[in-house]
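Let me begin by presenting the structure, written as structure tokens, before commenting on it.
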Amino acid sequence: MKKVFLLASILGFLGTVVVGCNDTPNANTANNSTNTAINTSLENQGLQTIGITLGDLGNPFYVALQKGAEEQAKKIGDGIRVNTVSSAFDLNQQTNQIENFTAANTDLIILSAVDKKGVKPAIDQARKAGRIVIAVDSAVDADVDAMISSNNTQAGEIACKYIGDRLNGKGNVVILNGTPMDSINQRVSGCKSSLAKYPDIKIISDQNAEGTRDGGLRVMSDILTTFPKIDAVFATNDQSGVGADLAAKQARRNEFFIVGVDGSPDAAKAMEDKDGVFVATAAQDPAGMAQKAVEVGNDVIQGKKPSNSEILVPVKLVTRENLNSYKGW
């Protein structure tokens, strides 16, 4: 009996060991399957929502940015929702917009910063919440997944080199400045760098025209009253330049010419008007910048970070002479 009992005990023990050994792989397989399902679900989810806050949707530049983002989103997937809002160049409003995007669990936030320092807390909060944040057109003093902008320094340089060359290195120049954001500051810096190479060129006025047609009209009208002799105007964006062109027509002044920045449809139309004084613009590609922002944002969500987080898009000078070959926005 003892032998039978001993044998039965040994067989029972072995059976327990075999069951235990068989249970372990099954448990691991189940865990691995669960983890794979979770990872696959996250990858398949991809980009679903995009929130965009821009300076002024009454400005064709920002409208082109909006359209570029929407076009790229459609290429990635039909179900991607894009919500674009205007900050009206107001920091508090843009801060609220970013906070709202964050609270709504928006996957990708794209912004054209009103104030590169002031917008930092909202960006930090969004990033802490796991949102992808990309700055376009203007740099920010915050950690973002990417910054995509035109080479604004180059824009100012080529615009004012054109002015210096056309004036043969001598004359009175007006700068129509804009909202003190990074992109505008870089354009003015680039312009002054170019003009510094012409010692006989004098900057007689540098005023904020607010980046709008009305601002350009108002400020340029005052400048025309103050200065009897002007040779050229550098407008930091096309809208203020078009306003300045209108001011020149109203004052019946045509002794000077205007060079802008953007390459907007309004600028192209102004350059076609031989009775106007708008003759050139450093053209940007706002739709291309926005498309790149959405593309990079989608890549980051898929785990592919850009090799260089600062992406500069070159600009080109469009003049009356080469306007026919310019495709525009």
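Chain identifiers are assigned as A, B, and so on, following the order in which chains appear in the structure tokens; residues are numbered from 1 within each chain, and ligands are numbered from 1 in order of appearance.
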* Contacts of Ser150 (chain A) at 8 Å (only C-alpha atoms; same-chain gap of 3+ positions) as a list in words ->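 The residues satisfying every condition are Asp137, Gln284, Asp285, Met289, Leu312, Val313, Pro314 and Val315 of chain A.
When DSSP is run on the backbone, the residues of region 166-202 of chain A that fall into strand (DSSP E) are Lys170, Gly171, Asn172, Val173, Val174, Ile175, Leu176, Asn177, Asp200, Ile201 and Lys202 of chain A.
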Would you kindly return, as an mmCIF file with all heavy atoms, in the first residue's frame, each protein, DNA or RNA residue with an atom no farther than 9 Å from any atom of region 141-146 of chain A, considering only C-alpha atoms and excluding same-chain residues fewer than 5 positions away?
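The new file out.cif reads:
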```
data_model
loop_
_atom_site.group_PDB
_atom_site.id
_atom_site.type_symbol
_atom_site.label_atom_id
_atom_site.label_comp_id
_atom_site.auth_asym_id
_atom_site.auth_seq_id
_atom_site.Cartn_x
_atom_site.Cartn_y
_atom_site.Cartn_z
ATOM 1 N N LYS A 116 5.592 85.681 -29.128
ATOM 2 C CA LYS A 116 6.380 84.447 -28.998
ATOM 3 C C LYS A 116 6.687 84.096 -27.545
ATOM 4 O O LYS A 116 6.881 82.924 -27.221
ATOM 5 C CB LYS A 116 7.670 84.558 -29.802
ATOM 6 C CG LYS A 116 8.721 85.518 -29.263
ATOM 7 C CD LYS A 116 9.990 85.414 -30.102
ATOM 8 C CE LYS A 116 11.119 86.260 -29.539
ATOM 9 N NZ LYS A 116 12.366 86.096 -30.317
ATOM 10 N N LYS A 117 6.742 85.082 -26.664
ATOM 11 C CA LYS A 117 6.983 84.806 -25.244
ATOM 12 C C LYS A 117 5.665 84.622 -24.489
ATOM 13 O O LYS A 117 5.537 83.736 -23.646
ATOM 14 C CB LYS A 117 7.799 85.941 -24.617
ATOM 15 C CG LYS A 117 9.225 86.037 -25.147
ATOM 16 C CD LYS A 117 9.996 87.147 -24.447
ATOM 17 C CE LYS A 117 11.434 87.225 -24.973
ATOM 18 N NZ LYS A 117 12.208 88.312 -24.326
ATOM 19 N N GLY A 118 4.704 85.462 -24.772
ATOM 20 C CA GLY A 118 3.453 85.441 -24.039
ATOM 21 C C GLY A 118 2.648 84.162 -24.223
ATOM 22 O O GLY A 118 1.872 83.775 -23.347
ATOM 23 N N VAL A 119 2.834 83.495 -25.359
ATOM 24 C CA VAL A 119 2.051 82.296 -25.644
ATOM 25 C C VAL A 119 2.661 81.033 -25.024
ATOM 26 O O VAL A 119 2.057 79.966 -25.045
ATOM 27 C CB VAL A 119 1.906 82.140 -27.185
ATOM 28 C CG1 VAL A 119 3.166 81.542 -27.809
ATOM 29 C CG2 VAL A 119 0.683 81.314 -27.534
ATOM 30 N N LYS A 120 3.845 81.171 -24.421
ATOM 31 C CA LYS A 120 4.564 80.020 -23.879
ATOM 32 C C LYS A 120 3.769 79.213 -22.840
ATOM 33 O O LYS A 120 3.725 77.974 -22.934
ATOM 34 C CB LYS A 120 5.904 80.460 -23.276
ATOM 35 C CG LYS A 120 6.770 79.298 -22.769
ATOM 36 C CD LYS A 120 8.072 79.811 -22.168
ATOM 37 C CE LYS A 120 9.012 78.682 -21.790
ATOM 38 N NZ LYS A 120 8.446 77.761 -20.787
ATOM 39 N N PRO A 121 3.128 79.832 -21.843
ATOM 40 C CA PRO A 121 2.402 79.027 -20.850
ATOM 41 C C PRO A 121 1.328 78.127 -21.467
ATOM 42 O O PRO A 121 1.158 76.977 -21.045
ATOM 43 C CB PRO A 121 1.781 80.083 -19.928
ATOM 44 C CG PRO A 121 2.685 81.270 -20.058
ATOM 45 C CD PRO A 121 3.117 81.271 -21.485
ATOM 46 N N ILE A 123 1.292 76.936 -24.519
ATOM 47 C CA ILE A 123 1.973 75.868 -25.260
ATOM 48 C C ILE A 123 2.494 74.806 -24.298
ATOM 49 O O ILE A 123 2.341 73.594 -24.536
ATOM 50 C CB ILE A 123 3.124 76.440 -26.109
ATOM 51 C CG1 ILE A 123 2.571 77.290 -27.257
ATOM 52 C CG2 ILE A 123 4.001 75.316 -26.663
ATOM 53 C CD1 ILE A 123 3.628 77.983 -28.078
ATOM 54 N N ASP A 124 3.107 75.254 -23.209
ATOM 55 C CA ASP A 124 3.632 74.311 -22.211
ATOM 56 C C ASP A 124 2.522 73.423 -21.659
ATOM 57 O O ASP A 124 2.704 72.216 -21.477
ATOM 58 C CB ASP A 124 4.314 75.069 -21.071
ATOM 59 C CG ASP A 124 5.618 75.723 -21.499
ATOM 60 O OD1 ASP A 124 6.128 75.377 -22.580
ATOM 61 O OD2 ASP A 124 6.124 76.584 -20.748
ATOM 62 N N ARG A 127 1.514 70.857 -24.313
ATOM 63 C CA ARG A 127 2.522 69.797 -24.455
ATOM 64 C C ARG A 127 2.485 68.854 -23.250
ATOM 65 O O ARG A 127 2.635 67.636 -23.401
ATOM 66 C CB ARG A 127 3.906 70.430 -24.587
ATOM 67 C CG ARG A 127 4.086 71.264 -25.853
ATOM 68 C CD ARG A 127 4.714 70.467 -26.952
ATOM 69 N NE ARG A 127 6.117 70.216 -26.623
ATOM 70 C CZ ARG A 127 6.854 69.273 -27.181
ATOM 71 N NH1 ARG A 127 6.340 68.478 -28.071
ATOM 72 N NH2 ARG A 127 8.119 69.116 -26.847
ATOM 73 N N ILE A 132 0.407 67.536 -29.665
ATOM 74 C CA ILE A 132 1.468 67.896 -30.603
ATOM 75 C C ILE A 132 1.273 69.363 -30.961
ATOM 76 O O ILE A 132 0.168 69.768 -31.345
ATOM 77 C CB ILE A 132 1.408 67.030 -31.881
ATOM 78 C CG1 ILE A 132 1.431 65.536 -31.518
ATOM 79 C CG2 ILE A 132 2.553 67.381 -32.823
ATOM 80 C CD1 ILE A 132 2.646 65.097 -30.761
ATOM 81 N N VAL A 133 2.319 70.173 -30.837
ATOM 82 C CA VAL A 133 2.214 71.610 -31.109
ATOM 83 C C VAL A 133 3.258 72.009 -32.150
ATOM 84 O O VAL A 133 4.451 71.722 -31.993
ATOM 85 C CB VAL A 133 2.415 72.450 -29.828
ATOM 86 C CG1 VAL A 133 2.283 73.941 -30.138
ATOM 87 C CG2 VAL A 133 1.416 72.041 -28.752
ATOM 88 N N ILE A 134 2.789 72.681 -33.205
ATOM 89 C CA ILE A 134 3.694 73.144 -34.268
ATOM 90 C C ILE A 134 3.435 74.621 -34.532
ATOM 91 O O ILE A 134 2.279 75.044 -34.707
ATOM 92 C CB ILE A 134 3.494 72.324 -35.559
ATOM 93 C CG1 ILE A 134 3.919 70.869 -35.314
ATOM 94 C CG2 ILE A 134 4.287 72.919 -36.713
ATOM 95 C CD1 ILE A 134 3.783 69.974 -36.513
ATOM 96 N N ALA A 135 4.507 75.405 -34.524
ATOM 97 C CA ALA A 135 4.416 76.836 -34.819
ATOM 98 C C ALA A 135 4.682 77.059 -36.303
ATOM 99 O O ALA A 135 5.605 76.469 -36.871
ATOM 100 C CB ALA A 135 5.421 77.613 -33.976
ATOM 101 N N VAL A 136 3.865 77.906 -36.931
ATOM 102 C CA VAL A 136 4.081 78.267 -38.326
ATOM 103 C C VAL A 136 4.191 79.777 -38.459
ATOM 104 O O VAL A 136 3.614 80.528 -37.672
ATOM 105 C CB VAL A 136 2.956 77.751 -39.254
ATOM 106 C CG1 VAL A 136 2.920 76.234 -39.299
ATOM 107 C CG2 VAL A 136 1.604 78.298 -38.835
ATOM 108 N N ALA A 293 3.259 71.558 -41.986
ATOM 109 C CA ALA A 293 2.943 71.467 -40.559
ATOM 110 C C ALA A 293 2.057 70.258 -40.268
ATOM 111 O O ALA A 293 2.288 69.519 -39.307
ATOM 112 C CB ALA A 293 2.264 72.753 -40.091
ATOM 113 N N VAL A 296 4.164 67.018 -40.835
ATOM 114 C CA VAL A 296 5.092 66.762 -39.734
ATOM 115 C C VAL A 296 4.327 66.347 -38.477
ATOM 116 O O VAL A 296 4.733 65.424 -37.762
ATOM 117 C CB VAL A 296 5.965 68.011 -39.454
ATOM 118 C CG1 VAL A 296 6.763 67.840 -38.163
ATOM 119 C CG2 VAL A 296 6.913 68.270 -40.628
ATOM 120 N N GLY A 297 3.209 67.026 -38.209
ATOM 121 C CA GLY A 297 2.406 66.672 -37.039
ATOM 122 C C GLY A 297 1.917 65.238 -37.100
ATOM 123 O O GLY A 297 1.960 64.507 -36.096
ATOM 124 N N VAL A 300 4.830 62.903 -36.365
ATOM 125 C CA VAL A 300 5.162 62.849 -34.940
ATOM 126 C C VAL A 300 4.194 61.925 -34.205
ATOM 127 O O VAL A 300 4.596 61.128 -33.342
ATOM 128 C CB VAL A 300 5.153 64.264 -34.316
ATOM 129 C CG1 VAL A 300 5.323 64.180 -32.801
ATOM 130 C CG2 VAL A 300 6.265 65.123 -34.917
ATOM 131 N N LYS A 305 9.782 61.626 -35.566
ATOM 132 C CA LYS A 305 10.123 63.019 -35.300
ATOM 133 C C LYS A 305 10.995 63.568 -36.424
ATOM 134 O O LYS A 305 11.802 62.846 -36.998
ATOM 135 C CB LYS A 305 10.854 63.141 -33.962
ATOM 136 C CG LYS A 305 9.990 62.823 -32.759
ATOM 137 C CD LYS A 305 10.726 63.089 -31.459
ATOM 138 C CE LYS A 305 9.831 62.820 -30.262
ATOM 139 N NZ LYS A 305 10.518 63.086 -28.980
ATOM 140 N N PRO A 306 10.860 64.873 -36.752
ATOM 141 C CA PRO A 306 11.690 65.453 -37.808
ATOM 142 C C PRO A 306 13.152 65.514 -37.381
ATOM 143 O O PRO A 306 13.455 65.723 -36.204
ATOM 144 C CB PRO A 306 11.099 66.859 -37.990
ATOM 145 C CG PRO A 306 10.453 67.169 -36.684
ATOM 146 C CD PRO A 306 9.940 65.859 -36.155
ATOM 147 N N ASN A 308 15.222 67.775 -38.119
ATOM 148 C CA ASN A 308 15.466 69.170 -37.723
ATOM 149 C C ASN A 308 14.116 69.805 -37.416
ATOM 150 O O ASN A 308 13.255 69.890 -38.296
ATOM 151 C CB ASN A 308 16.179 69.932 -38.843
ATOM 152 C CG ASN A 308 16.591 71.329 -38.412
ATOM 153 O OD1 ASN A 308 16.236 71.787 -37.326
ATOM 154 N ND2 ASN A 308 17.335 72.017 -39.255
ATOM 155 N N SER A 309 13.927 70.247 -36.196
ATOM 156 C CA SER A 309 12.621 70.777 -35.788
ATOM 157 C C SER A 309 12.376 72.193 -36.308
ATOM 158 O O SER A 309 11.240 72.665 -36.287
ATOM 159 C CB SER A 309 12.496 70.764 -34.263
ATOM 160 O OG SER A 309 13.479 71.590 -33.678
ATOM 161 N N GLU A 310 13.411 72.878 -36.779
ATOM 162 C CA GLU A 310 13.248 74.216 -37.349
ATOM 163 C C GLU A 310 13.361 74.134 -38.858
ATOM 164 O O GLU A 310 14.439 73.865 -39.395
ATOM 165 C CB GLU A 310 14.285 75.185 -36.770
ATOM 166 C CG GLU A 310 14.106 75.433 -35.275
ATOM 167 C CD GLU A 310 15.029 76.515 -34.752
ATOM 168 O OE1 GLU A 310 15.495 77.340 -35.568
ATOM 169 O OE2 GLU A 310 15.289 76.540 -33.542
ATOM 170 N N ILE A 311 12.252 74.363 -39.542
ATOM 171 C CA ILE A 311 12.186 74.206 -40.988
ATOM 172 C C ILE A 311 11.925 75.565 -41.622
ATOM 173 O O ILE A 311 10.890 76.196 -41.387
ATOM 174 C CB ILE A 311 11.073 73.213 -41.379
ATOM 175 C CG1 ILE A 311 11.331 71.854 -40.707
ATOM 176 C CG2 ILE A 311 10.980 73.061 -42.889
ATOM 177 C CD1 ILE A 311 10.175 70.890 -40.799
#
```
* Atomic separation - CA of Val233 (chain A) relative to CA of Gly169 (chain A), Å ->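 Computing the Euclidean distance for CA of Gly169 (chain A) and CA of Val233 (chain A) yields 14.3 Å.
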* Nearest residue to Asn322 (chain A) from the set A:Val294, A:Ile110, A:Ala280, A:Val219 (distances using only C-alpha atoms) ->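 Using only C-alpha atoms, the shortest distance to Asn322 (chain A) belongs to A:Ala280.
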* Proximity to Asn177 (chain A) - best of A:Thr153, A:Asn100, A:Ser194, A:Ser205, only C-alpha atoms ->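 Residue with the minimum atom-to-atom distance to Asn177 (chain A): A:Ser205.
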* Nearest to Gly263 (chain A), chosen from A:Lys249, A:Lys229, A:Arg320, A:Arg218, with only C-alpha atoms counted in the distances ->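 Result for the nearest residue to Gly263 (chain A): A:Arg320.
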Residues near Phe227 (chain A), anyone? I mean within 10 Å using only C-alpha atoms, not counting same-chain ones fewer than 6 positions away, as a JSON list (two decimals) with all heavy atoms, in the first residue's frame.
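Once everything was written out, this is out28.json:
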```json
[["chain", "number", "residue", "atom", "x", "y", "z"],
["A", 172, "ASN", "N", 15.62, 108.24, -50.10],
["A", 172, "ASN", "CA", 14.90, 108.23, -48.83],
["A", 172, "ASN", "C", 13.92, 107.05, -48.81],
["A", 172, "ASN", "O", 13.07, 106.93, -49.70],
["A", 172, "ASN", "CB", 14.12, 109.53, -48.64],
["A", 172, "ASN", "CG", 15.04, 110.73, -48.49],
["A", 172, "ASN", "OD1", 16.16, 110.61, -47.99],
["A", 172, "ASN", "ND2", 14.58, 111.90, -48.92],
["A", 174, "VAL", "N", 11.10, 104.60, -46.62],
["A", 174, "VAL", "CA", 10.14, 104.46, -45.52],
["A", 174, "VAL", "C", 9.94, 102.97, -45.24],
["A", 174, "VAL", "O", 9.83, 102.17, -46.16],
["A", 174, "VAL", "CB", 8.79, 105.11, -45.90],
["A", 174, "VAL", "CG1", 7.69, 104.69, -44.91],
["A", 174, "VAL", "CG2", 8.91, 106.62, -45.95],
["A", 204, "ILE", "N", 13.87, 107.32, -43.45],
["A", 204, "ILE", "CA", 13.32, 108.56, -42.90],
["A", 204, "ILE", "C", 12.12, 108.31, -41.99],
["A", 204, "ILE", "O", 11.72, 109.20, -41.22],
["A", 204, "ILE", "CB", 12.93, 109.54, -44.02],
["A", 204, "ILE", "CG1", 11.91, 108.91, -44.97],
["A", 204, "ILE", "CG2", 14.17, 110.01, -44.78],
["A", 204, "ILE", "CD1", 11.35, 109.88, -46.01],
["A", 205, "SER", "N", 11.54, 107.12, -42.05],
["A", 205, "SER", "CA", 10.40, 106.80, -41.18],
["A", 205, "SER", "C", 10.30, 105.29, -41.01],
["A", 205, "SER", "O", 10.49, 104.52, -41.96],
["A", 205, "SER", "CB", 9.10, 107.34, -41.79],
["A", 205, "SER", "OG", 7.98, 106.99, -40.99]]
```
* Asked: as a PyMOL selection string, which residues of region 62-211 of chain A does DSSP assign to alpha helix (DSSP H)?
  -> chain A and resi 62-76+91-103+120-128+152-166+182-195
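Atom to atom, CA of Leu195 (chain A) and CA of Cys160 (chain A) stand 6.2 Å apart.
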* Contacts of Thr225 (chain A) within 12 Å, only C-alpha atoms, excl. fewer than 2 positions in-chain, as a list in words -> Arg218, Val219, Met220, Ser221, Asp222, Ile223, Phe227, Pro228, Lys229, Ile230, Ala247, Ala248, Gln250, Ala251, Arg252 and Arg253 of chain A
* Asked: What lies within 9 Å of Tyr162 (chain A) using only C-alpha atoms, ignoring chain neighbours under 4 positions off, as a ChimeraX atom specification?
  -> /A:157-158,166-167,259,280,317
Output all heavy atoms for every residue in that selection, as an mmCIF file, in the first residue's frame.
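Written file, selection32.cif:
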```cif
data_model
loop_
_atom_site.group_PDB
_atom_site.id
_atom_site.type_symbol
_atom_site.label_atom_id
_atom_site.label_comp_id
_atom_site.auth_asym_id
_atom_site.auth_seq_id
_atom_site.Cartn_x
_atom_site.Cartn_y
_atom_site.Cartn_z
ATOM 1 N N GLU A 157 15.795 90.867 -46.686
ATOM 2 C CA GLU A 157 17.053 91.111 -47.399
ATOM 3 C C GLU A 157 16.834 91.309 -48.894
ATOM 4 O O GLU A 157 17.333 92.271 -49.487
ATOM 5 C CB GLU A 157 18.016 89.945 -47.160
ATOM 6 C CG GLU A 157 18.599 89.899 -45.756
ATOM 7 C CD GLU A 157 19.406 88.626 -45.496
ATOM 8 O OE1 GLU A 157 19.319 87.681 -46.318
ATOM 9 O OE2 GLU A 157 20.108 88.583 -44.478
ATOM 10 N N ILE A 158 16.088 90.384 -49.520
ATOM 11 C CA ILE A 158 15.943 90.473 -50.979
ATOM 12 C C ILE A 158 15.039 91.637 -51.383
ATOM 13 O O ILE A 158 15.251 92.265 -52.426
ATOM 14 C CB ILE A 158 15.459 89.151 -51.597
ATOM 15 C CG1 ILE A 158 14.043 88.786 -51.121
ATOM 16 C CG2 ILE A 158 16.427 88.024 -51.301
ATOM 17 C CD1 ILE A 158 13.475 87.574 -51.837
ATOM 18 N N ARG A 166 17.578 99.376 -57.222
ATOM 19 C CA ARG A 166 16.720 100.189 -58.094
ATOM 20 C C ARG A 166 16.955 101.687 -57.876
ATOM 21 O O ARG A 166 16.817 102.484 -58.815
ATOM 22 C CB ARG A 166 15.258 99.830 -57.845
ATOM 23 C CG ARG A 166 14.280 100.597 -58.703
ATOM 24 C CD ARG A 166 12.928 99.926 -58.766
ATOM 25 N NE ARG A 166 11.960 100.753 -59.458
ATOM 26 C CZ ARG A 166 10.884 100.304 -60.089
ATOM 27 N NH1 ARG A 166 10.646 98.992 -60.124
ATOM 28 N NH2 ARG A 166 10.036 101.131 -60.680
ATOM 29 N N LEU A 167 17.328 102.046 -56.647
ATOM 30 C CA LEU A 167 17.623 103.456 -56.347
ATOM 31 C C LEU A 167 19.071 103.825 -56.670
ATOM 32 O O LEU A 167 19.480 104.970 -56.422
ATOM 33 C CB LEU A 167 17.350 103.743 -54.869
ATOM 34 C CG LEU A 167 15.893 103.711 -54.403
ATOM 35 C CD1 LEU A 167 15.809 103.973 -52.902
ATOM 36 C CD2 LEU A 167 15.044 104.719 -55.171
ATOM 37 N N VAL A 259 7.673 98.033 -52.137
ATOM 38 C CA VAL A 259 8.006 96.606 -52.162
ATOM 39 C C VAL A 259 7.442 95.977 -50.892
ATOM 40 O O VAL A 259 7.669 96.487 -49.791
ATOM 41 C CB VAL A 259 9.528 96.371 -52.245
ATOM 42 C CG1 VAL A 259 9.842 94.873 -52.264
ATOM 43 C CG2 VAL A 259 10.114 97.050 -53.479
ATOM 44 N N ALA A 280 6.893 95.232 -56.385
ATOM 45 C CA ALA A 280 7.542 93.951 -56.095
ATOM 46 C C ALA A 280 7.126 93.426 -54.724
ATOM 47 O O ALA A 280 6.683 94.185 -53.854
ATOM 48 C CB ALA A 280 9.066 94.087 -56.159
ATOM 49 N N LEU A 317 11.658 86.684 -54.965
ATOM 50 C CA LEU A 317 11.207 88.027 -55.305
ATOM 51 C C LEU A 317 10.355 87.989 -56.568
ATOM 52 O O LEU A 317 10.766 87.468 -57.606
ATOM 53 C CB LEU A 317 12.402 88.957 -55.513
ATOM 54 C CG LEU A 317 12.047 90.443 -55.658
ATOM 55 C CD1 LEU A 317 11.540 91.012 -54.331
ATOM 56 C CD2 LEU A 317 13.254 91.253 -56.133
#
```
* **Using only C-alpha atoms: which of A:Met147, A:Leu65, A:Asn105, A:Thr53 has the shortest distance to Pro286 (chain A)** =>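 Selected residue with least distance to Pro286 (chain A): A:Leu65.
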* Please indicate the distance in Å from CA of Ala235 (chain A) to CA of Leu176 (chain A), rounded to one decimal place. => 4.7 Å
* Shortest interatomic distance to Thr95 (chain A) - which of A:Val82, A:Ala196, A:Ala69, A:Ala113, counting only C-alpha atoms ->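 Selected residue with least distance to Thr95 (chain A): A:Ala113.
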